[in-house]
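Undergrad: File name start-v9.csv; file contents CSV, C-alpha atoms; full text below.
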chain,number,residue,atom,x,y,z
A,281,MET,CA,63.7,-20.3,48.8
A,282,ALA,CA,60.1,-19.3,48.9
A,283,LYS,CA,58.0,-20.4,46.0
A,284,ALA,CA,55.8,-17.8,44.3
A,285,GLU,CA,52.2,-18.2,45.5
A,286,LEU,CA,50.2,-19.6,42.6
A,287,LYS,CA,47.0,-20.6,44.4
A,288,THR,CA,45.0,-18.1,46.5
A,289,ASN,CA,41.7,-18.5,48.3
A,290,ASN,CA,40.4,-15.3,46.8
A,291,LYS,CA,37.7,-16.0,44.2
A,292,THR,CA,37.3,-13.3,41.6
A,293,GLU,CA,33.6,-12.3,41.5
A,294,ILE,CA,32.4,-11.8,38.0
A,295,GLU,CA,29.3,-9.6,37.9
A,296,ASP,CA,26.5,-10.9,35.8
A,297,SER,CA,25.7,-8.1,33.4
A,298,SER,CA,23.9,-10.2,30.9
A,299,SER,CA,20.3,-9.3,32.0
A,300,LEU,CA,18.2,-8.7,28.8
A,301,LYS,CA,15.0,-7.5,30.5
A,302,GLY,CA,15.4,-4.0,29.3
A,303,THR,CA,16.2,-5.2,25.8
A,304,LEU,CA,13.1,-7.4,25.8
A,305,ALA,CA,10.9,-4.5,27.0
A,306,SER,CA,12.3,-2.2,24.3
A,307,VAL,CA,12.0,-4.8,21.5
A,308,PHE,CA,8.4,-5.4,22.4
A,309,LEU,CA,7.6,-1.7,22.7
A,310,LEU,CA,9.0,-1.2,19.2
A,311,GLY,CA,7.2,-4.3,18.0
A,312,ALA,CA,3.9,-3.1,19.4
A,313,PHE,CA,4.3,0.3,17.8
A,314,ILE,CA,5.0,-1.3,14.4
A,315,VAL,CA,2.0,-3.7,14.7
A,316,VAL,CA,-0.4,-1.0,15.8
A,317,THR,CA,0.6,1.4,13.0
A,318,TRP,CA,0.5,-1.4,10.4
A,319,VAL,CA,-2.9,-2.6,11.5
A,320,SER,CA,-4.4,0.9,11.6
A,321,VAL,CA,-3.2,1.8,8.1
A,322,TYR,CA,-4.5,-1.6,6.9
A,323,TYR,CA,-7.9,-0.9,8.5
A,324,LEU,CA,-8.0,2.5,6.7
A,325,PHE,CA,-7.3,0.6,3.4
A,326,VAL,CA,-10.0,-2.0,4.0
A,327,GLU,CA,-12.7,0.5,5.2
A,328,ARG,CA,-12.3,2.8,2.1
A,329,PHE,CA,-13.5,1.9,-1.4
B,229,MET,CA,35.3,-23.4,28.6
B,230,ILE,CA,34.6,-25.0,25.2
B,231,GLU,CA,34.3,-22.3,22.5
B,232,GLY,CA,31.4,-24.0,20.8
B,233,GLU,CA,29.2,-23.8,23.8
B,234,GLN,CA,29.5,-20.1,24.0
B,235,ILE,CA,28.5,-19.7,20.3
B,236,MET,CA,25.5,-22.0,20.5
B,237,HIS,CA,24.0,-20.5,23.6
B,238,MET,CA,21.0,-18.4,23.0
B,239,HIS,CA,19.2,-16.4,25.6
B,240,LYS,CA,15.6,-17.3,26.3
B,241,PHE,CA,14.5,-13.7,25.6
B,242,GLU,CA,16.3,-13.8,22.2
B,243,LYS,CA,14.3,-16.8,21.2
B,244,ILE,CA,11.1,-14.9,22.3
B,245,TRP,CA,11.7,-11.8,20.2
B,246,LEU,CA,13.1,-13.8,17.2
B,247,THR,CA,9.9,-15.8,17.2
B,248,PHE,CA,7.8,-12.6,17.4
B,249,GLY,CA,9.8,-10.9,14.6
B,250,ILE,CA,9.7,-13.9,12.2
B,251,GLY,CA,6.0,-14.4,13.1
B,252,ALA,CA,5.2,-10.8,12.3
B,253,LEU,CA,7.1,-11.0,9.0
B,254,ILE,CA,5.1,-14.1,8.0
B,255,VAL,CA,1.8,-12.4,8.9
B,256,PHE,CA,2.6,-9.3,6.9
B,257,LEU,CA,3.9,-11.1,3.9
B,258,THR,CA,0.9,-13.5,3.9
B,259,THR,CA,-1.5,-10.5,3.9
B,260,VAL,CA,0.3,-9.1,0.8
B,261,GLY,CA,0.4,-12.5,-0.8
B,262,VAL,CA,-3.3,-13.1,-0.3
B,263,SER,CA,-4.1,-9.6,-1.6
B,264,ALA,CA,-2.0,-10.2,-4.8
B,265,PHE,CA,-2.6,-13.9,-5.6
B,266,TYR,CA,-6.1,-14.6,-4.1
B,267,LEU,CA,-7.9,-11.3,-4.3
B,268,GLY,CA,-6.1,-10.4,-7.6
B,269,ASN,CA,-4.9,-6.9,-6.6
B,270,LYS,CA,-2.3,-5.5,-8.9
B,271,PRO,CA,-0.7,-2.1,-9.7
B,272,PRO,CA,-3.2,0.3,-11.5
B,273,SER,CA,-1.0,0.5,-14.6
B,274,CYS,CA,-0.4,-3.1,-15.4
B,275,LEU,CA,1.0,-3.5,-18.9
B,276,THR,CA,-2.0,-2.2,-20.9
B,277,THR,CA,-0.6,0.3,-23.5
B,278,ILE,CA,-2.2,2.8,-25.9
B,279,ASN,CA,-1.1,5.0,-28.8
B,280,VAL,CA,-0.9,8.4,-27.0
B,281,ASP,CA,-1.6,10.3,-30.3
B,282,LYS,CA,-4.9,8.3,-30.9
B,283,VAL,CA,-6.5,8.3,-27.5
B,284,ASP,CA,-9.7,10.1,-28.7
B,285,GLN,CA,-10.2,7.4,-31.4
B,286,THR,CA,-9.3,4.4,-29.2
B,287,LYS,CA,-11.9,2.5,-27.4
B,288,PRO,CA,-13.0,3.0,-24.6
B,289,PHE,CA,-11.5,6.5,-24.5
B,290,ASP,CA,-13.6,7.7,-27.5
B,291,LYS,CA,-16.5,7.9,-25.1
B,292,PRO,CA,-15.4,9.1,-21.7
B,293,GLY,CA,-18.0,8.7,-18.9
B,294,LEU,CA,-19.9,6.0,-17.1
B,295,HIS,CA,-21.1,3.0,-19.1
B,296,LYS,CA,-23.1,0.0,-18.0
B,297,VAL,CA,-21.6,-3.3,-19.1
B,298,GLU,CA,-22.9,-6.8,-19.3
B,299,GLY,CA,-21.2,-10.2,-18.7
B,300,LYS,CA,-18.2,-8.8,-16.8
B,301,ASP,CA,-17.1,-9.0,-13.1
B,302,TRP,CA,-18.1,-5.4,-12.8
B,303,ASP,CA,-21.4,-3.5,-13.5
B,304,TYR,CA,-20.0,-0.2,-14.9
B,305,GLU,CA,-17.0,1.1,-16.6
B,306,LEU,CA,-16.0,4.7,-15.7
B,307,VAL,CA,-13.7,6.1,-18.4
B,308,TYR,CA,-11.5,9.2,-17.9
B,309,VAL,CA,-9.2,11.0,-20.3
B,310,ALA,CA,-6.8,13.4,-18.6
B,311,SER,CA,-5.1,16.3,-20.4
B,312,ALA,CA,-3.5,19.5,-19.3
B,313,PHE,CA,-5.3,20.8,-17.3
B,314,SER,CA,-8.6,18.9,-17.0
B,315,TYR,CA,-10.4,15.6,-16.8
B,316,ASN,CA,-13.0,14.4,-19.2
B,317,PRO,CA,-15.8,14.0,-17.9
B,318,VAL,CA,-15.9,16.8,-15.3
B,319,LYS,CA,-18.8,15.4,-13.3
B,320,VAL,CA,-20.2,11.8,-13.0
B,321,GLU,CA,-23.0,10.3,-11.0
B,322,VAL,CA,-22.5,6.7,-9.8
B,323,PRO,CA,-25.3,4.6,-8.3
B,324,LEU,CA,-24.6,3.6,-4.7
B,325,GLY,CA,-23.3,0.0,-4.5
B,326,ALA,CA,-22.2,-0.3,-8.1
B,327,LYS,CA,-19.1,-2.3,-8.9
B,328,VAL,CA,-17.1,0.0,-11.2
B,329,LYS,CA,-14.0,-0.4,-13.2
B,330,VAL,CA,-12.3,3.0,-13.4
B,331,ILE,CA,-10.2,3.2,-16.6
B,332,ALA,CA,-8.1,6.2,-17.3
B,333,THR,CA,-5.2,7.5,-19.4
B,334,THR,CA,-3.6,10.8,-20.4
B,335,LYS,CA,-3.2,12.5,-23.7
B,336,ASP,CA,0.0,14.5,-22.9
B,337,VAL,CA,2.1,14.4,-19.8
B,338,VAL,CA,2.0,12.4,-16.5
B,339,HIS,CA,-1.1,13.2,-14.5
B,340,GLY,CA,-2.3,12.0,-11.1
B,341,PHE,CA,-5.8,10.5,-10.5
B,342,GLU,CA,-6.7,10.6,-6.9
B,343,VAL,CA,-10.2,10.3,-5.7
B,344,ALA,CA,-9.8,11.9,-2.3
B,345,GLY,CA,-10.8,9.8,0.6
B,346,THR,CA,-10.8,6.5,-1.3
B,347,ASN,CA,-8.3,3.9,-2.4
B,348,ILE,CA,-8.5,5.0,-6.0
B,349,ASN,CA,-5.2,6.7,-6.5
B,350,MET,CA,-3.4,6.1,-9.8
B,351,MET,CA,-0.6,7.7,-11.8
B,352,LEU,CA,-1.6,8.3,-15.5
B,353,GLU,CA,1.3,7.9,-17.8
B,354,PRO,CA,1.3,8.8,-21.5
B,355,GLY,CA,1.0,5.5,-23.5
B,356,TYR,CA,-0.3,3.5,-20.6
B,357,VAL,CA,-3.8,2.7,-19.3
B,358,SER,CA,-4.5,2.7,-15.6
B,359,GLU,CA,-7.3,0.7,-14.1
B,360,TYR,CA,-8.9,0.2,-10.7
B,361,THR,CA,-11.9,-1.9,-9.9
B,362,THR,CA,-13.9,-1.2,-6.7
B,363,THR,CA,-17.5,-1.1,-5.3
B,364,PHE,CA,-18.8,2.4,-4.6
B,365,ASP,CA,-20.5,1.6,-1.3
B,366,LYS,CA,-20.5,4.9,0.5
B,367,ALA,CA,-22.7,7.8,-0.7
B,368,GLY,CA,-21.3,11.3,-1.1
B,369,GLU,CA,-19.3,13.6,-3.3
B,370,TYR,CA,-15.8,12.7,-4.1
B,371,LEU,CA,-13.3,15.1,-5.5
B,372,ILE,CA,-10.8,13.9,-8.1
B,373,VAL,CA,-7.5,15.8,-8.0
B,374,CYS,CA,-4.2,15.6,-9.9
B,375,ASN,CA,-1.4,14.7,-7.6
B,376,GLU,CA,1.5,14.7,-10.1
B,377,TYR,CA,2.8,18.1,-10.9
B,378,CYS,CA,1.9,18.5,-14.6
B,379,GLY,CA,2.4,22.2,-15.4
B,380,ALA,CA,1.2,25.8,-14.7
B,381,GLY,CA,-2.5,24.7,-14.4
B,382,HIS,CA,-1.9,21.7,-12.2
B,383,HIS,CA,-3.9,23.1,-9.3
B,384,LEU,CA,-6.9,23.7,-11.5
B,385,MET,CA,-7.3,20.1,-12.5
B,386,SER,CA,-10.3,18.5,-10.9
B,387,SER,CA,-13.4,16.4,-11.5
B,388,MET,CA,-16.2,15.2,-9.3
B,389,ILE,CA,-17.9,11.8,-8.6
B,390,GLU,CA,-21.2,11.8,-6.9
B,391,VAL,CA,-22.3,8.5,-5.4
B,392,LYS,CA,-26.1,8.5,-5.1
B,393,LYS,CA,-28.9,6.1,-4.3
Take the structure from the file and write it as structure tokens.
TA:
Amino acid sequence: MAKAELKTNNKTEIEDSSSLKGTLASVFLLGAFIVVTWVSVYYLFVERF
Amino acid sequence: MIEGEQIMHMHKFEKIWLTFGIGALIVFLTTVGVSAFYLGNKPPSCLTTINVDKVDQTKPFDKPGLHKVEGKDWDYELVYVASAFSYNPVKVEVPLGAKVKVIATTKDVVHGFEVAGTNINMMLEPGYVSEYTTTFDKAGEYLIVCNEYCGAGHHLMSSMIEVKK
């Protein structure tokens, strides 16, 4: 009686979808926006009496 | 795979933006902290109270206007009494470069006190005294407007500060 095949030579390829480059870019775009707006408002506050 | 390894793993990018975020938070909070505890900045209405029915008899509001003072951290006191729908005084001349403590209150309802184009922007509440100390270091005419709706004549409320050499 034939045994059920348990081992195969086919390796399942798992695609690496964990790249965070886009996330890093968007986080720093948002970060830069927050810093620029904060600094410009703070500059207004310091310049005025 | 061991479960723990998966939990502990943190991507390099995550470390970068967490450092950036926490760093930004520290910078912003330090700025606010230095402003409050080193420079002594505080809200304009900071616990000083007044009997709202006796404003005209209470110092310094019995004599509104600009007064030179001695022995204080500021050179002048600029006293304002607001009521529906005007400020007393209506026009004031301030010498350029003078360090002035602006002291204001209201005789009736809540009024605003905004010196347009400057950081002097206070809410005047009945029973409370609002103060702001600053150095008038830019010459020009500055319009004071009420920015809290106080009634039918709200839009007529104004006063003028002229900063002159």
Undergrad: Can you check which residues of chain B have any atom within 12 Å of chain A? Use all atoms listed in the file and format it as a ChimeraX atom specification.
TA: /B:238-253,255-256,259-260,263,324-328,343-349,360-367,370,391
Undergrad: Atom CA of Ala380 of chain B and atom CA of Thr286 of chain B, how far apart in Å?
TA: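 These atoms are spaced 27.9 Å apart.
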Undergrad: Kindly give the distance, in Å, that separates atom CA of Val283 of chain B and atom CA of Lys335 of chain B, rounded to a single decimal.
TA: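 Those two atoms sit 6.6 Å apart.
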Undergrad: To one decimal place in Å, what is the distance between atom CA of Leu294 of chain B and atom CA of Cys378 of chain B?
TA: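 Answer for the atom CA of Leu294 of chain B to atom CA of Cys378 of chain B separation: 25.3 Å.
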